[in-house]
$ cat upload.cif   # mmCIF, N, CA and C atoms
data_target
#
loop_
_atom_site.label_atom_id
_atom_site.label_comp_id
_atom_site.auth_asym_id
_atom_site.auth_seq_id
_atom_site.Cartn_x
_atom_site.Cartn_y
_atom_site.Cartn_z
N VAL W 140 0.83 -1.18 0.00
CA VAL W 140 0.00 0.00 0.00
C VAL W 140 0.88 1.24 0.00
N GLY W 141 2.15 1.08 0.01
CA GLY W 141 3.06 2.22 -0.01
C GLY W 141 4.45 1.78 0.39
N VAL W 142 5.36 2.71 0.33
CA VAL W 142 6.74 2.44 0.73
C VAL W 142 7.19 3.50 1.71
N LYS W 143 8.17 3.15 2.53
CA LYS W 143 8.77 4.14 3.42
C LYS W 143 9.89 4.82 2.66
N VAL W 144 9.90 6.13 2.71
CA VAL W 144 10.92 6.93 2.05
C VAL W 144 11.97 7.29 3.09
N ASN W 145 13.24 7.25 2.69
CA ASN W 145 14.34 7.62 3.57
C ASN W 145 15.11 8.77 2.96
N MET W 146 15.47 9.73 3.79
CA MET W 146 16.32 10.82 3.33
C MET W 146 17.74 10.27 3.17
N GLY W 147 18.47 10.78 2.20
CA GLY W 147 19.80 10.25 1.95
C GLY W 147 20.86 11.29 1.70
N ALA W 148 20.71 12.50 2.23
CA ALA W 148 21.72 13.54 2.02
C ALA W 148 23.05 13.10 2.61
N HIS W 149 24.13 13.57 2.05
CA HIS W 149 25.47 13.15 2.47
C HIS W 149 26.29 14.31 3.02
N GLY W 150 25.64 15.33 3.54
CA GLY W 150 26.35 16.41 4.20
C GLY W 150 26.95 17.46 3.28
N GLN W 151 26.46 17.55 2.07
CA GLN W 151 26.97 18.55 1.15
C GLN W 151 26.80 19.95 1.75
N LEU W 152 27.70 20.83 1.43
CA LEU W 152 27.63 22.22 1.86
C LEU W 152 27.39 22.35 3.36
N GLN W 153 28.25 21.72 4.16
CA GLN W 153 28.21 21.81 5.61
C GLN W 153 26.84 21.46 6.19
N GLY W 154 26.22 20.40 5.68
CA GLY W 154 24.95 19.94 6.23
C GLY W 154 23.71 20.52 5.58
N LEU W 155 23.87 21.50 4.70
CA LEU W 155 22.68 22.09 4.07
C LEU W 155 21.95 21.10 3.17
N GLY W 156 22.67 20.14 2.61
CA GLY W 156 22.05 19.15 1.73
C GLY W 156 20.92 18.41 2.42
N ALA W 157 21.08 18.12 3.70
CA ALA W 157 20.04 17.42 4.45
C ALA W 157 18.79 18.28 4.55
N HIS W 158 18.96 19.57 4.83
CA HIS W 158 17.80 20.46 4.91
C HIS W 158 17.12 20.55 3.55
N TRP W 159 17.90 20.77 2.50
CA TRP W 159 17.32 20.90 1.17
C TRP W 159 16.55 19.65 0.77
N GLU W 160 17.13 18.48 1.04
CA GLU W 160 16.45 17.25 0.68
C GLU W 160 15.15 17.10 1.45
N LEU W 161 15.18 17.41 2.73
CA LEU W 161 13.98 17.33 3.56
C LEU W 161 12.89 18.26 3.03
N TRP W 162 13.27 19.48 2.67
CA TRP W 162 12.30 20.45 2.15
C TRP W 162 11.72 19.97 0.82
N LEU W 163 12.55 19.39 -0.03
CA LEU W 163 12.07 18.90 -1.33
C LEU W 163 11.13 17.70 -1.16
N ILE W 164 11.44 16.85 -0.19
CA ILE W 164 10.55 15.71 0.08
C ILE W 164 9.17 16.24 0.47
N GLN W 165 9.13 17.25 1.31
CA GLN W 165 7.86 17.84 1.73
C GLN W 165 7.17 18.50 0.54
N MET W 166 7.93 19.19 -0.29
CA MET W 166 7.36 19.83 -1.47
C MET W 166 6.77 18.81 -2.43
N GLY W 167 7.27 17.58 -2.39
CA GLY W 167 6.78 16.51 -3.25
C GLY W 167 5.43 15.96 -2.82
N GLY W 168 4.93 16.39 -1.66
CA GLY W 168 3.59 15.98 -1.28
C GLY W 168 3.46 15.38 0.11
N MET W 169 4.56 15.16 0.81
CA MET W 169 4.45 14.62 2.16
C MET W 169 4.10 15.74 3.15
N SER W 170 3.47 15.34 4.25
CA SER W 170 3.24 16.31 5.32
C SER W 170 4.59 16.60 5.98
N ASN W 171 4.63 17.64 6.77
CA ASN W 171 5.88 17.96 7.47
C ASN W 171 6.32 16.81 8.36
N MET W 172 5.38 16.18 9.07
CA MET W 172 5.71 15.05 9.94
C MET W 172 6.23 13.87 9.13
N GLU W 173 5.60 13.55 8.02
CA GLU W 173 6.07 12.46 7.17
C GLU W 173 7.48 12.74 6.67
N ALA W 174 7.75 13.97 6.27
CA ALA W 174 9.09 14.33 5.80
C ALA W 174 10.11 14.18 6.91
N LEU W 175 9.79 14.63 8.12
CA LEU W 175 10.72 14.49 9.24
C LEU W 175 11.01 13.02 9.54
N LYS W 176 10.02 12.17 9.37
CA LYS W 176 10.24 10.73 9.60
C LYS W 176 11.22 10.14 8.59
N THR W 177 11.31 10.71 7.39
CA THR W 177 12.26 10.18 6.40
C THR W 177 13.69 10.34 6.87
N ALA W 178 13.93 11.33 7.73
CA ALA W 178 15.28 11.61 8.22
C ALA W 178 15.55 10.97 9.58
N THR W 179 14.53 10.37 10.19
CA THR W 179 14.69 9.86 11.55
C THR W 179 14.32 8.39 11.63
N ILE W 180 13.12 8.09 12.03
CA ILE W 180 12.73 6.70 12.30
C ILE W 180 12.73 5.82 11.05
N ASN W 181 12.29 6.36 9.90
CA ASN W 181 12.30 5.53 8.69
C ASN W 181 13.71 5.09 8.33
N ALA W 182 14.65 6.03 8.40
CA ALA W 182 16.04 5.70 8.07
C ALA W 182 16.62 4.70 9.06
N ALA W 183 16.31 4.88 10.34
CA ALA W 183 16.81 3.95 11.36
C ALA W 183 16.26 2.54 11.13
N GLU W 184 14.98 2.46 10.82
CA GLU W 184 14.38 1.14 10.55
C GLU W 184 14.97 0.51 9.31
N TYR W 185 15.24 1.30 8.29
CA TYR W 185 15.80 0.79 7.04
C TYR W 185 17.14 0.09 7.27
N ILE W 186 17.96 0.66 8.16
CA ILE W 186 19.27 0.04 8.41
C ILE W 186 19.22 -0.97 9.56
N GLY W 187 18.01 -1.30 10.00
CA GLY W 187 17.85 -2.32 11.03
C GLY W 187 18.16 -1.87 12.44
N MET W 188 18.11 -0.56 12.69
CA MET W 188 18.45 -0.04 14.01
C MET W 188 17.31 0.74 14.66
N GLY W 189 16.09 0.49 14.22
CA GLY W 189 14.95 1.21 14.75
C GLY W 189 14.74 1.03 16.24
N ASP W 190 15.24 -0.07 16.81
CA ASP W 190 15.12 -0.28 18.25
C ASP W 190 16.17 0.50 19.04
N GLU W 191 17.18 1.02 18.34
CA GLU W 191 18.29 1.69 19.01
C GLU W 191 18.37 3.20 18.74
N ILE W 192 17.96 3.62 17.56
CA ILE W 192 18.06 5.03 17.16
C ILE W 192 16.82 5.43 16.36
N GLY W 193 16.72 6.71 16.01
CA GLY W 193 15.68 7.17 15.10
C GLY W 193 14.50 7.87 15.76
N SER W 194 14.36 7.67 17.06
CA SER W 194 13.30 8.35 17.80
C SER W 194 13.75 8.47 19.25
N LEU W 195 13.06 9.32 20.00
CA LEU W 195 13.42 9.50 21.40
C LEU W 195 12.60 8.56 22.27
N ALA W 196 13.29 7.71 23.00
CA ALA W 196 12.65 6.79 23.94
C ALA W 196 13.70 6.33 24.94
N GLU W 197 13.26 6.00 26.12
CA GLU W 197 14.17 5.53 27.15
C GLU W 197 14.95 4.31 26.65
N GLY W 198 16.26 4.36 26.83
CA GLY W 198 17.12 3.25 26.42
C GLY W 198 17.70 3.37 25.03
N LYS W 199 17.20 4.32 24.21
CA LYS W 199 17.73 4.50 22.87
C LYS W 199 18.90 5.48 22.89
N LEU W 200 19.79 5.36 21.91
CA LEU W 200 20.86 6.32 21.71
C LEU W 200 20.27 7.55 21.04
N ALA W 201 20.74 8.74 21.40
CA ALA W 201 20.13 9.92 20.80
C ALA W 201 21.10 11.09 20.74
N ASP W 202 21.55 11.42 19.54
CA ASP W 202 22.13 12.72 19.26
C ASP W 202 20.93 13.54 18.77
N LEU W 203 20.86 14.79 19.15
CA LEU W 203 19.68 15.55 18.76
C LEU W 203 20.00 17.01 18.53
N ILE W 204 19.05 17.68 17.89
CA ILE W 204 19.16 19.12 17.66
C ILE W 204 17.97 19.79 18.33
N ILE W 205 18.20 21.01 18.82
CA ILE W 205 17.14 21.82 19.42
C ILE W 205 16.88 22.96 18.44
N LEU W 206 15.63 23.09 18.03
CA LEU W 206 15.25 24.13 17.08
C LEU W 206 14.56 25.28 17.78
N GLU W 207 14.73 26.47 17.24
CA GLU W 207 14.06 27.65 17.78
C GLU W 207 12.62 27.74 17.29
N GLU W 208 12.35 27.20 16.10
CA GLU W 208 11.02 27.25 15.50
C GLU W 208 10.54 25.83 15.19
N ASN W 209 9.25 25.64 15.10
CA ASN W 209 8.62 24.34 14.92
C ASN W 209 8.58 23.91 13.45
N PRO W 210 9.25 22.80 13.08
CA PRO W 210 9.22 22.35 11.69
C PRO W 210 7.88 21.74 11.29
N LEU W 211 7.01 21.46 12.25
CA LEU W 211 5.67 20.98 11.90
C LEU W 211 4.81 22.12 11.37
N GLU W 212 5.16 23.35 11.72
CA GLU W 212 4.45 24.52 11.20
C GLU W 212 5.00 24.95 9.85
N ASP W 213 6.32 24.88 9.69
CA ASP W 213 6.99 25.23 8.44
C ASP W 213 8.24 24.37 8.35
N ILE W 214 8.31 23.51 7.37
CA ILE W 214 9.42 22.55 7.27
C ILE W 214 10.77 23.25 7.20
N GLN W 215 10.81 24.47 6.68
CA GLN W 215 12.08 25.17 6.60
C GLN W 215 12.58 25.65 7.96
N ASN W 216 11.79 25.46 8.99
CA ASN W 216 12.25 25.75 10.34
C ASN W 216 13.31 24.75 10.81
N THR W 217 13.58 23.73 10.02
CA THR W 217 14.68 22.83 10.39
C THR W 217 16.01 23.56 10.40
N ASN W 218 16.07 24.72 9.78
CA ASN W 218 17.33 25.48 9.77
C ASN W 218 17.44 26.47 10.93
N THR W 219 16.57 26.35 11.93
CA THR W 219 16.64 27.24 13.09
C THR W 219 17.32 26.57 14.28
N ILE W 220 18.35 25.81 14.01
CA ILE W 220 19.07 25.06 15.05
C ILE W 220 19.76 26.03 16.02
N ILE W 221 19.52 25.83 17.32
CA ILE W 221 20.22 26.64 18.31
C ILE W 221 21.17 25.82 19.17
N TYR W 222 20.89 24.52 19.31
CA TYR W 222 21.77 23.63 20.08
C TYR W 222 21.84 22.27 19.39
N THR W 223 22.96 21.60 19.59
CA THR W 223 23.15 20.24 19.12
C THR W 223 23.68 19.43 20.29
N MET W 224 23.14 18.23 20.49
CA MET W 224 23.65 17.35 21.53
C MET W 224 24.22 16.10 20.86
N VAL W 225 25.49 15.83 21.15
CA VAL W 225 26.18 14.67 20.60
C VAL W 225 26.86 13.94 21.76
N ASN W 226 26.56 12.65 21.86
CA ASN W 226 27.14 11.82 22.93
C ASN W 226 26.93 12.45 24.31
N GLY W 227 25.77 13.05 24.53
CA GLY W 227 25.43 13.62 25.82
C GLY W 227 26.04 14.99 26.10
N ARG W 228 26.74 15.56 25.12
CA ARG W 228 27.38 16.86 25.30
C ARG W 228 26.64 17.90 24.47
N LEU W 229 26.28 19.03 25.09
CA LEU W 229 25.51 20.08 24.44
C LEU W 229 26.42 21.13 23.83
N TYR W 230 26.15 21.45 22.55
CA TYR W 230 26.91 22.47 21.82
C TYR W 230 25.95 23.56 21.36
N ASP W 231 26.43 24.82 21.34
CA ASP W 231 25.59 25.88 20.78
C ASP W 231 26.26 26.47 19.56
#
$ encode --input "upload.cif" --output "C-alpha cells"
Amino acid sequence: VGVKVNMGAHGQLQGLGAHWELWLIQMGGMSNMEALKTATINAAEYIGMGDEIGSLAEGKLADLIILEENPLEDIQNTNTIIYTMVNGRLYD
C-alpha cells in the first residue's frame, strides 16, 4: 500500500544538503511530519536499528538538535538550530 521513504543527504555544503532534501521531500507531497520521519525513524528502521536510534525513547541512543522554530508549522524551520547534543554533550 506504499513504501517508506528515507532521506539520503550526504552532508553537502556543511549539512545544508540534508535540509534541502527534507524540504524537497515535503514539497513533493508529504506532510511535514512524514518528511521528518524520512530523516529519523524511517532511516533507522531501514538500516535495522529502529530499536536503538531514530526516535526519542528511554534506552535508545540519541544525538539531537534543538530548534528555535517548529518544523511541523513550516518545514524550513529545520534550519533554526540553536543547540546540538552529541554523545550527551551540548553544543551551541
$ residues_around --input "upload.cif" --residues "Asn181 (chain W)" --least-positions-apart "3" --cutoff "8 Å" --atoms "all atoms listed in the file" --output "list of chain:residue names"
W:Lys143, W:Val144, W:Asn145, W:Met146, W:Leu175, W:Lys176, W:Thr177, W:Ala178, W:Glu184, W:Tyr185, W:Ile186, W:Gly187, W:Gly189, W:Ile192, W:Gly193, W:Ser194
$ select_by_dssp --input "upload.cif" --residues "chain W" --states "alpha helix (DSSP H)" --output "list in words"
Leu155, Gly156, Ala157, His158, Trp159, Glu160, Leu161, Trp162, Leu163, Ile164, Gln165, Met166, Asn171, Met172, Glu173, Ala174, Leu175, Lys176, Thr177, Ala178, Ile180, Asn181, Ala182, Ala183, Glu184 and Tyr185 of chain W
$ resolve_selection --input "upload.cif" --expression "the PyMOL selection byres (((chain W and resi 210-224 and name CA) around 9) and name CA)" --output "list in words"
Leu155, His158, Trp159, Leu161, Trp162, Gln165, Ser170, Asn171, Met172, Ala174, Leu175, Ala201, Asp202, Leu203, Ile204, Ile205, Leu206, Glu207, Glu208, Asn209, Val225, Asn226, Gly227, Arg228, Leu229, Tyr230 and Asp231 of chain W
$ atom_distance --input "upload.cif" --atom1 "atom C of Met166 (chain W)" --atom2 "atom N of Ala183 (chain W)"
21.2 Å
$ select_by_dssp --input "upload.cif" --residues "chain W" --states "strand (DSSP E or B)" --output "ChimeraX atom specification"
/W:203-206,220-225,228-230
$ axis_aligned_box --input "upload.cif" --around "region 185-189 of chain W" --padding-each-side "3 Å" --output "lines of an AutoDock Vina configuration file"
center_x = 17.0
center_y = -0.5
center_z = 11.6
size_x = 10.5
size_y = 9.6
size_z = 15.2
